[in-house]
Structure formats: structure tokens, C-alpha cells
Amino acid sequence: VKETGNIKFTQNEGAAIKAGDILATMVLEHESEEVNLPYDSPLPAYEAPNAPIKKLNHQLQKVYEKLSHLVAGYLPGTEGGTVISDILTDLLVLGSAPHMPFKAIAEQIDELSGRIPVKLSAVLDACLNKHVALLTDAIRANFKELFPREEGALPEGKLELSRISELWVRNIRTRAELQDALTLTATLPPFPGDEFVQGFETFLASVPEADRGRLISSVQPVSEIIQTFKAGSREFVFNLLRKLITHYCALEEASSGTADALSVITAGGEDSQWGGWGTRSEAIDTAFFRNPSSKAHVLMQEIINVVADLSAARIFESELTRLARLFGKYSLEVSLAARAMLFKAHTPSDKERIDTILTGIRGILRDEGAGEKASASADSPPRYTTVRDTEEAQNRMHSLVSSAEPMLDLIMHLFSSEQPRNLRESLIELYIHRLYRAFELRDLTVLPDAEAAGTLVWATVDFCTERSFHPVTPMRDDSGLLDSLQDSPGDASPHRQIFAGDGLGIESSKQCHIVVLRTHEELFHRFDELVDIVAKRSAASPVLHLVVLEALGDTSDDNYSRKATDFFLGRKEKLLEVKVNRITVTVQNPSSEQPDCFTFYPRDNFGERETMRHIEPTLAYRLELKRMSGYNIRYVRTGSRTSSAFYAEPKGKGGESRLFVRALVRGPTDNTEVLEYNRLYALTEQRLAECIKRLDVAMGKREYGHAVNNHIFLKILPVISYDPEALRAIIVWLGERYGKRLFRLKVSALELRCKLAIMPNEQPVPILFQVFNPTSYRFKVHAYVHARDAVTGEGTFVGLESQGLTIGPLHGMPVTAQYEPMDSLQRKRYFCQRFETTYAYDFMELFQNAVERDWRQAGRAFADSASSSRPSVAARLDGEGSENVFSPLTSRPASDNYEVSVQKLVERYRAGYGGVKVPKHLTWPVELVLSEDRSRCVPRLRAPGQNDIGVVAWLLHMYTPEYPDRKAEVPPVPLANFNIDDEVPTPANVEREEEEWLQLQGRADLTVDQEIWNYLEESGIAGVTEIRKERAGKGRWIVVIANDITHQIGSFGPLEDDLFFLASATARRFRIPRIYVSANSGARIGLATEVRDLFRVRWTNRARHQSGFEYLYFTDGEYQELVKRGEDRCVLVTREEGCGCGCGAETCEETGAAEVHHWRITDVVGLVDGIGVENLKGSGLIASETSRAYQEIFTCTLVTGRSVGIGAYLVRLGQRCVQNQGPIILTGAPALNKVLGRDVYTSNGQLGGPQIMYNNGVSHQVVTDDARGVSSVVTWLGYVPRVTGAAAGRRETADPITRPVGFVPVSGPYNPRSMLDALPDGGVEGPLGIFDRGSFRESLGGGGAPARGGRG
């Protein structure tokens, strides 16, 4: 409808407006014709205001803002890597435009017009126009190269900057085009930053000094642009990328190892308690970054790819190093990508590697016919079957074969170019020696071109099996690694020897024909002719190895495999007649350092053996597939070229299916060259991460997602020098970094097989490291060497027991032993994983870890005083003080110290106590078992998992820093004679009060220690007397009670209540702390199944069951059946006449029989004790016991899983609570939703999660996993006397008691925690507070923000 009228504005010009304000009204010229018409058209789609941006510098700013928001965790309309890649490409294209700085300066000068002197504006304009003209001329001269999509030539005259922008954006679209354009822009005139500065300074000299400050401030925007672009457009783009990387690293470093986003936001208080999150606003920013849907990590990987595309890894080395050190959950892929980029940047390029190969080959060719024939000696390198057998040729070939860099791909590349025959001969020799380096080559012959059937090159080689066992002589071992063999059980046989071979058994002596072909078409066209030549030249069972120089292109691996299988199957008879043992087709792959490889065996009907895909057959046996012979295995496609995944189903009945992932770690290829640890760690971690990724892909598939007890195997091909500390550091670091992820993927074991060079100039020894991951918090490592009985010839594993290693389960087993199925303990661990908790028996190991961590923290203050003639592991890994990102010791979290063992820290800490002997184990648990009459706890040493009730208890002895040795302990300063006005307490006061202080504590803790040891000796525990001699008077005792959630989901029955009560009473008896680990389902409620399966219902209205029922009953026949089985005591009944269903017929309509009478059920008792109200009696018993224990001894609860009903009451009655993510609830969310009639709660966490219980003062501390929870409990115990009524323990500290308190209160608001401890402020540690530095631990920090409490 069109109408005319007058518009009247209701808002003045410049007025502030908001959404919904009326800006103007319109008065129609013909008001009488006004008609109200309904609007029935669809409303337009709502879109955010997005005005078109035409200026290039504004577009660049907009793109950079998008990327900054992505780094911060926001999603500004982007999803997936493709869109992010496009945005990043826009940043590169816009930022690298050669005219970008001139356009930005011109715009800024226009904005400053009128605020700066006209003469200065003229100076800047003149400089700008001069260099824009120079740039225009240079662009005109390189127009076709810079803008290949443009047709014709540029018009004569001045070229406007807007026109350059249009051309640049239209022609530079991809990163490849950008790389070419950047190369060309390097030849353009550089940005004249110095000339702009010089012109400004010249003008500034003519300005009065009083006006210079104002002028400098006015032109500050121009100066910033000049400084930004001073190094050129390329460096400007790099600086933008550096800012994004720095922002990402700052957020990731601040949030690593902390709680989830919801917990951060709801933590409460302005100063969050979640591991140094900063203020609440900073915590929210970090929480957005921690959002799992954040694309920041995808963006970082794209930036790393850009750095690779631009060949700028060396330029970004410091940024990549910082990325490589990240160890957060979500930054793992980024860290690995950065490590791979750094690793690649420090390795020779393809051109350098090709030059190395050609230089060596040409050197061999120059030596042809020169010199005498080489002679072998004991110290000479291995003999090579070369055409030119001179000493110099042998040495050159040895250096090429033993090179640390991969070569097969480059050799194939050199084959593809037209090379003279003598060069091709040397290349095929090098190819064969590299491929068969693990074998003994007896003969190598290169066929003349006339006999090669038109192929590029043809060679034959005879090879024999790798010698499986080579004696290592003499058996000297200064390191002590192999000393334990003499003391190992069952190893006293004088015939047992250690050997250097793998002992796995592979192909016997064979002849192999290596044929190099140009194309796949040539392979299929000439194949029959090739087979004929093989038949003439081979005696029996030849191997045919076909090398094709043409890549597969768009053909997938599966399609090529099917095509080759069909082709070979069509020639089956001919191949069987020639007795071809194996056909291998190797195809060049330009995108990989390793070529594609397909292997076909006649016993597989010439089908491809997928288990060997992309693995050279000469290396495939190292994957030890024979050890999976107890399973039916199936190859799993995961898209990986470097690792192989297999789905295994047990051959017998029963058992769980599992996944095996196996990979080779490649490196230097000769036994005389040893792999340094920096590179070993980088290669091993890269391959392990690849295996984890492929396992994750396989677990994501529906047909494999149920697999458990999964297994990863890594074969490290290069020889490793033996260094126990470095090996342990690498394995521990891998456990810290990948332990939780491996546990989540249900990986029960990790195997690393390698060869160790223990002594110089001797045969390396094969070692198998078997790494178990039972708790996800710490790896258990076993090591084995290969041995063979000289009489029987059988190869076996021999376990080592030194350097912290223990005898493992493979000790004495054959080296080809099959993998065992999952045991009951592992099955229970996976069950606990479903409830997000830890298996009860594994908490003993967590206590061991926590005490070790406590010793590390205690000994760190004394680390500088330690003297050692041997350089530290970190120094040996890093070189001469250089920083190395590949080392686990330089990239570890700052809070951990791996270079000093716990035993050394203990000895170092105890230096002031006379150097008393340290116990072998820092913890010693004794399980408390319920006696048969349920009247007492009986101490027992038994294997984990032997319990038959849902509560487990231990009497745990811990060797802690507070109680290194009571007999030699120096008493603290008596407070009675400590005057606050005295600056230094006198030693005389200390000596005078020492005896008085000892009488005050009454030696109560020593008496209790003796009572506990007597209690254990009376119980008849084997070996307790010897253990008492080692541990008596040291450390402290606690009682630990835990729910076993694998037994009836951790519910409390009468037996559980009795054990809980007696164990808690034991803690009260000895006045020692009681720790409760809570993960339960409350009191047990069961059903009498013997009644449930038989009862019937007497309905009020048989036709309408909604009317209800009268009672439950048995028919006479059913009740008599219970009587016969002796189960009639499970119910109380009364006899009722007539039919039970109430039909009144002579023949019952339900049973079809004549029912004279029936039995009415009045009460259900049940046969099994512990399924009814008797459990409530036990709940009251343990609740009262917990309340009494809190009054008499120290009690603390670790909530590791859900705590329901009586479990929640026990948590609250014990008062002190450390909560993991498990909820503390009385009733679950589903039950409450039913009562409320709608879904109010979505999870139990909303009822009793840490964000509820911590903020309401129920939970004293909150942790993110069970390991931190146990560590928090152990640290808390450090402030508690080991016996109620005794004096508290002491911990040595580098912070002297005589130093003054540095904190001074201010008149305004301040953080009260700063008064107690030296809290960092802006990254700088503040003044020292009242307590020893670093000793204060806050409790109940979630609620009551004005009040702060804790211990120090």
C-alpha cells in the first residue's frame, strides 16, 4: 500500500537510543482512507547486523577479531575445521597484501586531518605518494606473475590502492597461491618505515619544545602503524599468528588440570578456589575456553599447518616450543602437532637427504675398480654384497645403510628419474640393504638390461632368517640391570643365557626378486613375463617384490587390493607351479616417508593380508602377531598408515573381545648407532599418540565399542643406550600424560620392545617393558630379557628386579607366549570406571603415590643441597644447558620432579636425623577381615579382590615426612617460653624444655605404635616380626575403610555394617585417624526371589485390576513345594478356604484345578539375611559409631563416587569431607522428579555435586580426581598428630621460624589469605605471612566468603 504523508522525528540528532525506541511517526495525508490490514506474510529471517566492509584494513581487523573469539572459546558462526581454515586463509591473504600498510596510513592521516599541522600532513602525504608510486610500478612490472587470473594489462597511469586491493583479493585465494605471491612480494620495494620516521623527526625538530609532547600524542596512531609494518607484510602476518598462539597458550596453561567449566563458574566467591583461576571473571573466560565444543584447539592445529605450508617452523620455534609443552586434556593434539613440526624442522629436508644419497652413491661409483678388495676384520662394519667390493665402497655403503633418516621413499623417487645404469645398480643395492637390514644377505645380483624384461631394474638377493639368539659375551654389566638374574626365582640353571636376537622366528632362507616398474599398467601387462623369468632363475619358493613408481592417485587402498587380488587369482595355477612364496607390491606415496605396501600369500588364496598393509614384510614379524593366536583376529580400518588395529575374539567359549593396536617406532637402523633420548622420546610419544588415536577411532565404531582389556604394542627398532633414570622418566612422563586417556579407552597393558646397549662395544640385549595401567594414575612397569635354555633350546622371558622394577607375570614364559584373557581384578576396575570411581583395592596404591608426592614436596626445599658427581638426567637429556622440547624432563609440569627418586629425597630429608635406614616401601597395608563370628576384625595379608562383602578396611602404615623417626626426632620450640617480643628463641630455652615437652605428650604415640605391632604379631601374620624391625617407631598408622562398589553396587548390608563398625572401633581403640572412602548406594534393599517367583494376587475386582487387590497368596500346591524345599520359613501364612482367585467355581479359572483352600501371605521374611529392615539397624549402628569416632579421633571422608542414603549421612557425621565429582544425596534425581511431577533435576550433581556441597559448607575441599583426593587427605594428615592426644608432627622447611612476618595489613580491603601465606600477586610472590611459606591449606573456601579458615 502506497500512501503519502508527513514524517515527524521524535528523537533529536545525537540522542542515545536503545532497542524498541520510536524514532519517528508519520501522519498520512488522507487520514480518512487509512485502513488496518493484517500482515499475513512470513517474517524475514533474523540476522545480526552485518554492514558490508569494503576497506581492506577493516576486513583484516574483522577477521582477526573472529579468530581471537575462536581462541577464547566462542563460536562466532563457525563450525568445523573447514570454515576455520577459510577464516585463517583470509587473515593471511589480507594481512600479506603489499599495499596494506600504505592503505592503513592513508586512512589514519585522513582521520587526523585538522588535528595535526598542515605541513606535517604534507610531509607524510609526500612520502606516502612517493612509495605508493614505486609500489605501483613494481606491481605493474610483475603483473602477470602476481595476478595470473587477470587477462590483459593494467591501464597506464596511477594505480589506486583500492584497485590493488581488488586485484589481490580476487587472485590470491589459496595458501599455495599465497606462498607464491609472498615469494614475489619479497622483490617489491620494502615498506619505508625509517623514511616516515625520519620525516616526522625532521619536522619535530622545527616545532617548539612546549608543543612537541602534544604533537607526538596526536600522531601516535600513525607511529603505531609504522612500527607494526616496519618489518614488512610477511612479518606483520607472523606477528598476528604469534598473538593468537600466545593467547591460546596463556589460557591453556591457566586451565590445565583444573575442574570443568560448570564447577568453575559456580565455585563461588570473587577469588575462585580452583587452582589459581584468578578472579571470577577470569574464571568464566577460562571456562569458555575449556568448553568441550570450543574450536580453539582446531584453530591452533590449522595455524601449525600454516606454519608448515609457509616453511616458517624455525621462525616460530619459540611459539611451537611453548605449544609442545602443553599437557592439558584438550591440547594434546595441538602439543603433538607442535612437537612433530619442531622435529621436522630439525631434520634434513628432502633435498638434503637426496643430496646425501647421491653423494654417497657417486662416491661409490668413483671408487669403481680403485684400491684393493676390502678385507673383513673384527672392528670393521658389516660386509655388504655390493658390485664394487673395495674398502672405500664398503664404508660408503655402510654409512648410507646405517643412516638415521628414512630413505626408501627417496630411493624410489630417484628410480623414477632417468638415471644411468651404474647409478640404478647402486640405488637398487642400497634399497635392498635398507629393506633387508635385519637379515643375512648371501648373494645380490643385478640383472643386465637385456635380461630384465624391459623393467627399470631387476635384482635378486638370497637372504636367510635373522639369527634369533646371539650370545652376549662377555656378560659384564656395571649398571646392575642384569644382576638380578642370578637371584631371580627359577633362574639358577647354569644353562640359561641372555641373547641378543628377538627370538620370534621368521622366514627361513629365501630368494627374493626385486623388480622396479614404472607404472601399474606395466605391472599387469608384463606380469606373466616376469613370472617366467622367476621360474627360470629360482630353485624353490621365490619371493616376488614388485616396486611401482607410480602413485595410486585417486584409487583407494581397498580398491587396489581387490584389483590386485583378482589379477593374481586369475594366475593362481601358474604362481603355484612356480611355488611363489609371497608377492609384495610396493607403491610410491609422495605424501608419506614410507611407501604403500600390499602383501599377498598363496595360502590366503592370493588375497591381501591386511594385517601387514603398509608394513614391509621384512618388518611385519616384529609386530609379533603370533602372540594373538589365542584369538580370532580381524583387521580394523582406522585410516592410519603407521599403526595397525585388530579386533580379537576368544577362540573358546566365554571371555571378552578386545582390541590390539601395534606399531613400529623407526629411527637409526644400525646396531652400532644408539638413539639419543631426546629423539627416542619424541618418536615414541608420537607413535603412542597415534595408536591411542586409532584405538579411539575403533572404539567409536558400534561393532567394536564393547571391547575391553585393550592392548598397545610398540616395537622400537633402533638400539637404545641403557640409562635407568632416563628410561624411568620417559615411562613416568608418558603415564602422567596419557594414563587417564588409556584408562578411558580400557587399555590394560602397554608393551614396548627394544634393544638396550648396556655395555659399549657389545651385542645389544633385547628387552620387553610391560607397562600396566590399573588405576590411570600411575604406570606399573615390568622388564624382561630374552633367555634360552642351552639344553632345551626354548626361548623364555626372564624378569628383572632392579631399579624399581619387580618380577612380572611373564617371568619364565616362552617368548611367543599368547596374551592372557582379562582377569577378575581388571573386570572389576572396568566396572568401577562406569561409576567414575576407582576400585577399592587400588586406593592403597594411590596412598603410596600420595606419600611419594608428599616426600617430593618436602625434599624440594633441600634439593639444592644435594651433591652428585653424576650429571642429572635433565642435563644429559638437554645437552649443555640447552632447552629441548622433546625431553619429558624439560616439558613436565612445574609441580613435579622426576630427576630425583623418592628414596633419594627421603635420604636427603633425613640428613638431619642421623641417616636412619629408610623402609623399602613408604606404605604397608594390612587388610582387616571380619571374623567368622562377626565379633572382631582379623588382620590379614591377602591378595586384592578376595573380599566377599561390600566394605573393605585396612590398617595402613605410612612413612611420612612428619614422622621420619620418632626416636631421633628433635622436639619443636616449646610455646610456654616463647615470648612474642623475643626476636630469636634461645637454644637454652629449647634444651631446658625438651624433657618437659616429651613428658607433656607422654610418649603416647610410641606406646600406641607398640600396641599395634603387638596386635599384628598376635594375629599370626607371616613375616611381621621382620617388618616390625624395619618400620617400628617410624611413620604413622591410619585405618582406611572403603566401599567396594563391585559388590552389590556398594550397598550396606549387615556384614558391611559389622566390618565398618569394627574397623572404626579399631581406629578408636588405638586413637589413630580413620579415613573413609565413600562410593556406595546406601542401605541394601532386596527381594525374596523365592516368594517373588510364586505368589499370586487376590484382586478386588477380577475384571478391573485398577480397583486394587485384597492380599497375596499361594495355592496349596505352590506352598507345599516351598515346604518340600525347606523354604517355608521365608514367609508367614494363614490358611484360607476356597479358591484364591475368588472365582467361586469348583475348578479354579486361573490354575485349572480344584482348589479346596489357599495360603494367604501375611509377612515376607526371606531366606537371605540382609535384604530388609535389618539393614536399617546396621545403618543406625555405623552412624552412631561415626559420630562417636568424630568426638574421639580424627575422621575424614573422601567422596569418590556417589554417596546415597546412609552413605551421605556417614559423610556428614564424619564432618571433614574431600569431595571428588561424586554427588552426596539422600534421594536420586529421577525419584524426586516423579514426586514433583516434572523433570526439575537433570542429574544427581544438581542435588549434591561439588558446586552444591562446597558452596554450602558441607565439603571442605574439592578435587578433580581420586589421586588428588587421596593426596589431599594425606596432606591434611600432616597437620594432625598420629595419635589423639599427642603432639603434632613436624616437617622440616627451608623457611626458618625466626624470620619476621613480612605482611602488613592495609586500611582498605585485602585478601586475608595473604596474611597467612605468601600468595602470588600478578605472577610475583607476595610478602611472607604468618605460616611457613607454602604450608597454608584453606578449607571450606566455597561458602561464607568473608570468613577464611585452614591449616598451616
# chains A, B, ... in the order shown; residues from 1 in each chain; ligands from 1
>>> select_by_dssp(residues="range 34-227 of chain A", states="alpha helix (DSSP H)", output="PyMOL selection string")
chain A and resi 56-71+80-95+100-111+118-141+143-146+161-171+175-185+193-205+209-218+220-227
>>> closest_residue(among="A:Ala1153, A:Cys1141, A:Cys937, A:Leu1132", to="Leu1055 in chain A", atoms="only C-alpha atoms")
A:Cys937
>>> atom_distance(atom1="CA of Ser68 in chain A", atom2="CA of Ala104 in chain A")
20.7 Å
>>> closest_residue(among="A:Leu552, A:Cys249, A:Ile22, A:Ala287", to="Arg325 in chain A", atoms="only C-alpha atoms")
A:Cys249
>>> atom_distance(atom1="CA of Val1091 in chain A", atom2="CA of Glu1121 in chain A")
11.6 Å
>>> atom_distance(atom1="CA of Asn422 in chain A", atom2="CA of Gly360 in chain A")
13.4 Å
>>> closest_residue(among="A:Gly73, A:Pro190, A:Pro1223, A:Gly1285", to="Glu252 in chain A", atoms="only C-alpha atoms")
A:Gly73
>>> residues_around(residues="Asp1163 in chain A", least_positions_apart="2", cutoff="8 Å", atoms="only C-alpha atoms", output="VMD selection string")
chain A and resid 1131 to 1133 1161 1165
